[in-house]
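Since the structure comes first, as structure tokens, the remarks are kept for the end.
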Amino acid sequence: MYRPATAQRLAGRLSGPVLGPGDEGYAAEVAGFNRVLRHRPAMVLGARDATEVRKAVAFAAETGLPTAVQATGHGPSRVTEGTGLLVNTRRMTGVTVDPAARVARAEAGARWRQVVDAAAVHGLAPLNGSSPLVGVVGYTLGGGLALLSRAYGFAADHVTAVDIVTPDGLPRTATARRHPDLFWALRGGKGNFGVVTALEFGLVPVTRLYGGGLFFPGDAAAEVLHAWRSWTESVPEETASSLALLRMPDQRPIPPFPRGGLLVHVRVAHLGPGDEGERLVRPLRAVAPTLADTLGEMPYTRFADIHNDPAFPIAYDERSAMLRELGPDAVDDLLRLAGPGSGCTDAVVELRHMGGALGRPAAVPGAVDHRDARYCLTTLGPPGGRPEHVVDGMAHRGTGRAHLNFLAGPGTARLAHRGYAPADYARLREIKARYDPENLFRFNHNISPRVRASERPAQNPRPHENADSAHLTNPGRDDSR
């Protein structure tokens, strides 16, 4: 229930807008990129800086008010329904680069386009994903599978400091030496431990690459998929690639190409000179006639041209599974599930090549898993479709894990445990119990705090297990991918 008096008390401490249902601007403030789910909080704050975040979380701690966070909203898993406080960080867009140290600092609402452009001036690049619109913080806290990851590892492996307001309302800076347990948990644990207001992370000396894509007709899916699988077994770590089966609806605002029908899109990012890249992709070009070929040398600032991710809000269910192998039989399994004539309704079924630096431990350990995965399988489908169909069909080829940055939609909040090895998940629950014992940050890929049997009340559940009974309860973190 929305209580104007509570909102007025919070608004009195802040300069950013504090809005309730029915207020002008409320709908725009709560809207995220992925419209499959949408927050409907009792109050939403448009935070302008870290001080406002601290004041808001302190207020929530004083009043027992659970707090959700949204930056870009690419990966919603569970949302508020008429309760709680949502902190929108999209106004916090500061980005700075220290070229001598090869380190960038990004505030909570910064997107990858800003960081890429700021780093490029100094001949550097971050470990960003395929879309320039994704938020830096949410993506990195989930691990961060980057275009450059086969050469440099997960984005979270390069984080050097995290500024966070923990659920008690206290600002902290977590590093390998300060709050090391929290630092370990944040790098992979997503938004379970408070509101991250800024990240510092290392950059790499990349200015150009050989990249782009090859588009093939759907009836060549079997030939292309088998050829790509074989090709990935011999490419160097400097070569990253993925293959997507695309079924784009024949409607605007999707461009006429690749709208309608089944297409096969092979994406390549090679950290080497153009002639070397040309030699590497020659076997792929020879598989079948292409509908389009965009491969070539490019400045790193054009990285978005490789995947061509949507640039407009859209509603989609997203699922993922980490695969331990992809032999010829596994390719045939995937073709039966998602190839021509399969009846698959997913708009995108993608395989990303893992290995290389992704298979090696981080210099400073964190909670990111998947070092043993050879490929990452992801699917994006329309709401109300069969989001589990392909990943469940490939489960016998998997490690039993999912990449949480590629899980979005109803029902995905309960899948958080699939992102971690059992021992790491147990440790995350212990750290969660230390920093957020009441599970105030729970509307996310939730890691519930570990409660020992001796500490559990004999009657009545803990507040976080019967959250709807509170007067303003139940929002949670909605980290962008």
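Order determines the names: the first chain of the structure tokens is A, the second B, and so forth; residues in each chain are numbered 1 upward, and ligands are numbered 1 upward as they are shown.
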Using only C-alpha atoms, determine which residues lie at most 6 Å from Leu85 (chain A), disregarding the query and same-chain residues fewer than 4 positions distant; provide the list as an mmCIF file with N, CA and C atoms, in the first residue's frame.
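around_13.cif, freshly written:
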```
data_model
loop_
_atom_site.group_PDB
_atom_site.id
_atom_site.type_symbol
_atom_site.label_atom_id
_atom_site.label_comp_id
_atom_site.auth_asym_id
_atom_site.auth_seq_id
_atom_site.Cartn_x
_atom_site.Cartn_y
_atom_site.Cartn_z
ATOM 1 N N PRO A 41 6.519 -0.467 -7.535
ATOM 2 C CA PRO A 41 6.783 -0.212 -6.120
ATOM 3 C C PRO A 41 5.813 0.799 -5.520
ATOM 4 N N MET A 43 6.986 3.244 -3.836
ATOM 5 C CA MET A 43 7.715 4.486 -4.083
ATOM 6 C C MET A 43 8.894 4.183 -4.978
ATOM 7 N N VAL A 44 9.252 5.157 -5.813
ATOM 8 C CA VAL A 44 10.461 5.042 -6.621
ATOM 9 C C VAL A 44 11.256 6.323 -6.469
ATOM 10 N N THR A 67 14.298 -2.738 -0.339
ATOM 11 C CA THR A 67 14.664 -1.805 -1.390
ATOM 12 C C THR A 67 15.111 -2.537 -2.646
#
```
Give me the region 291-356 of chain A side of the contact with region 374-383 of chain A, cut-off 9 Å, one line per residue showing its nearest atom pair and distance in Å at one decimal, counting only C-alpha atoms, sorted by chain and residue number, as CSV.
```
residue,atom,partner,partner_atom,distance
A:Ala315,CA,A:Pro383,CA,6.7
A:Tyr316,CA,A:Pro382,CA,5.0
A:Asp317,CA,A:Gly381,CA,5.2
A:Glu318,CA,A:Leu380,CA,4.6
A:Arg319,CA,A:Thr379,CA,5.3
A:Ser320,CA,A:Thr378,CA,4.3
A:Ala321,CA,A:Leu377,CA,5.2
A:Met322,CA,A:Cys376,CA,4.7
A:Leu323,CA,A:Tyr375,CA,5.1
A:Arg324,CA,A:Arg374,CA,5.3
A:Glu325,CA,A:Arg374,CA,5.8
A:Leu326,CA,A:Tyr375,CA,7.4
A:Thr345,CA,A:Gly381,CA,6.7
A:Asp346,CA,A:Gly381,CA,4.1
A:Ala347,CA,A:Gly381,CA,5.2
A:Val348,CA,A:Leu380,CA,5.1
A:Val349,CA,A:Thr379,CA,4.5
A:Glu350,CA,A:Thr378,CA,5.2
A:Leu351,CA,A:Leu377,CA,4.7
A:Arg352,CA,A:Cys376,CA,5.0
A:His353,CA,A:Tyr375,CA,4.8
A:Met354,CA,A:Arg374,CA,4.9
A:Gly355,CA,A:Arg374,CA,5.6
```
Worksheet, complete the sentence: Separating CA of Pro289 (chain A) from CA of Glu237 (chain A), to the nearest tenth of an Å, is a gap of 27.3 Å
Worksheet item: Taking the backbone alone, and naming residues the way the document does, which bits of region 357-399 of chain A are helix (DSSP H, G or I) by DSSP, as a list of chain:residue names?
Response: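 Helix (DSSP H, G or I) members of region 357-399 of chain A, listed: A:Ala357, A:Leu358, A:Gly359, A:His389, A:Val390, A:Val391, A:Asp392, A:Gly393, A:Ala395, A:His396, A:Arg397.
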Practice prompt. Measure the distance from CA of Leu428 (chain A) to CA of Arg401 (chain A) in Å and round it to one decimal.
Written response: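 These atoms are spaced 15.9 Å apart.
The residue set within 10 Å of Phe193 (chain A), counting only C-alpha atoms and dropping same-chain residues fewer than 5 places from it, reads Ile164, Val165, Thr166, Pro167, Leu182, Ala185, Leu186, Leu428, Ile431, Lys432, Ala433, Arg434, Tyr435, Asp436, Asn439, Leu440, Phe441, Arg442, Ile447 and Arg477 of chain A.
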Please dump the current selection as a compact mmCIF listing (two decimals), in the first residue's frame; keep C-alpha atoms.
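Contents of out16.txt, freshly written:
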```txt
# COMPACT_ATOMS: atom_id res chain seq x y z
CA ILE A 164 28.53 -0.15 -1.98
CA VAL A 165 25.85 0.88 0.48
CA THR A 166 25.05 -2.24 2.46
CA PRO A 167 21.52 -2.93 3.78
CA LEU A 182 32.28 -8.95 0.61
CA ALA A 185 30.87 -12.23 -2.98
CA LEU A 186 30.14 -9.11 -5.01
CA LEU A 428 27.52 -16.71 -0.47
CA ILE A 431 28.07 -13.69 3.65
CA LYS A 432 24.48 -12.73 2.83
CA ALA A 433 23.46 -13.58 6.40
CA ARG A 434 26.22 -11.27 7.67
CA TYR A 435 25.29 -8.25 5.55
CA ASP A 436 21.57 -8.75 4.81
CA ASN A 439 17.01 -10.57 2.97
CA LEU A 440 15.85 -7.04 2.18
CA PHE A 441 17.49 -7.33 -1.25
CA ARG A 442 15.50 -10.33 -2.40
CA ILE A 447 20.73 -15.76 -2.49
CA ARG A 477 17.50 -5.90 -6.94
```
Practice prompt. Do a neighbour search on region 201-217 of chain A at 7 Å with only C-alpha atoms, toss out local chain neighbours closer than 2 positions, and write the hits as a PyMOL selection string.
Written response: chain A and resi 102-105+120+123-126+158-160+199+219-220+262-274+277+289-300+305-306
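With only C-alpha atoms as the atoms that count, the residue of A:Arg229, A:Arg35, A:Lys55, A:Arg178 with the shortest distance to His74 (chain A) is A:Arg35.
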Fill in: Computed interatomic separation between CA of Ala421 (chain A) and CA of Asp392 (chain A) (Å)
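Spanning CA of Ala421 (chain A) to CA of Asp392 (chain A) is a straight-line distance of 19.2 Å.
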Worksheet entry | Leu148 (chain A) environment, 7 Å, only C-alpha atoms, sequence neighbours closer than 2 positions dropped, as a count of residues only | 6
Discussion item. According to DSSP computed on the backbone, where in region 143-375 of chain A is there strand (DSSP E)? Give the residues as a PyMOL selection string.
Written reply: chain A and resi 159-165+171-174+195-202+208-217+239-247+262-270+292-293+296-299+317-323+348-353+375
Worksheet item: Contacts of region 18-23 of chain A at 9 Å or less, counting only C-alpha atoms, minus same-chain residues fewer than 2 places along, as a ChimeraX atom specification?
Response: /A:2-4,7-8,10-11,14-16,25-27,29,40-47,82
I'd like the neighbourhood of Ala304 (chain A) as an mmCIF file with N, CA, C and O atoms, in the first residue's frame, where a residue qualifies if any of its atoms comes within 8 Å (using only C-alpha atoms), though same-chain residues fewer than 2 positions away should be ignored.
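Listing of selection_8.cif after writing:
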```
data_model
loop_
_atom_site.group_PDB
_atom_site.id
_atom_site.type_symbol
_atom_site.label_atom_id
_atom_site.label_comp_id
_atom_site.auth_asym_id
_atom_site.auth_seq_id
_atom_site.Cartn_x
_atom_site.Cartn_y
_atom_site.Cartn_z
ATOM 1 N N SER A 130 28.173 -7.565 -25.475
ATOM 2 C CA SER A 130 27.881 -7.313 -26.885
ATOM 3 C C SER A 130 27.036 -6.075 -27.128
ATOM 4 O O SER A 130 27.030 -5.537 -28.232
ATOM 5 N N SER A 131 26.311 -5.588 -26.112
ATOM 6 C CA SER A 131 25.421 -4.440 -26.287
ATOM 7 C C SER A 131 25.984 -3.202 -25.611
ATOM 8 O O SER A 131 26.401 -3.260 -24.446
ATOM 9 N N PRO A 132 25.966 -2.054 -26.273
ATOM 10 C CA PRO A 132 26.436 -0.817 -25.643
ATOM 11 C C PRO A 132 25.454 -0.249 -24.634
ATOM 12 O O PRO A 132 25.805 0.654 -23.874
ATOM 13 N N THR A 301 35.541 0.753 -30.901
ATOM 14 C CA THR A 301 34.336 1.531 -30.613
ATOM 15 C C THR A 301 33.128 1.072 -31.428
ATOM 16 O O THR A 301 31.992 1.416 -31.103
ATOM 17 N N ARG A 302 33.356 0.277 -32.479
ATOM 18 C CA ARG A 302 32.246 -0.246 -33.284
ATOM 19 C C ARG A 302 31.850 -1.663 -32.851
ATOM 20 O O ARG A 302 31.220 -2.389 -33.617
ATOM 21 N N ILE A 306 28.997 -6.154 -34.131
ATOM 22 C CA ILE A 306 29.263 -7.593 -34.212
ATOM 23 C C ILE A 306 27.996 -8.395 -33.955
ATOM 24 O O ILE A 306 27.619 -9.267 -34.748
ATOM 25 N N HIS A 307 27.292 -8.116 -32.871
ATOM 26 C CA HIS A 307 26.080 -8.870 -32.522
ATOM 27 C C HIS A 307 24.809 -8.188 -33.004
ATOM 28 O O HIS A 307 23.790 -8.845 -33.188
ATOM 29 N N ASN A 308 24.835 -6.870 -33.140
ATOM 30 C CA ASN A 308 23.633 -6.127 -33.543
ATOM 31 C C ASN A 308 22.470 -6.383 -32.587
ATOM 32 O O ASN A 308 21.343 -6.687 -33.011
ATOM 33 N N ASP A 309 22.728 -6.264 -31.287
ATOM 34 C CA ASP A 309 21.677 -6.469 -30.291
ATOM 35 C C ASP A 309 20.601 -5.393 -30.418
ATOM 36 O O ASP A 309 20.883 -4.277 -30.899
#
```
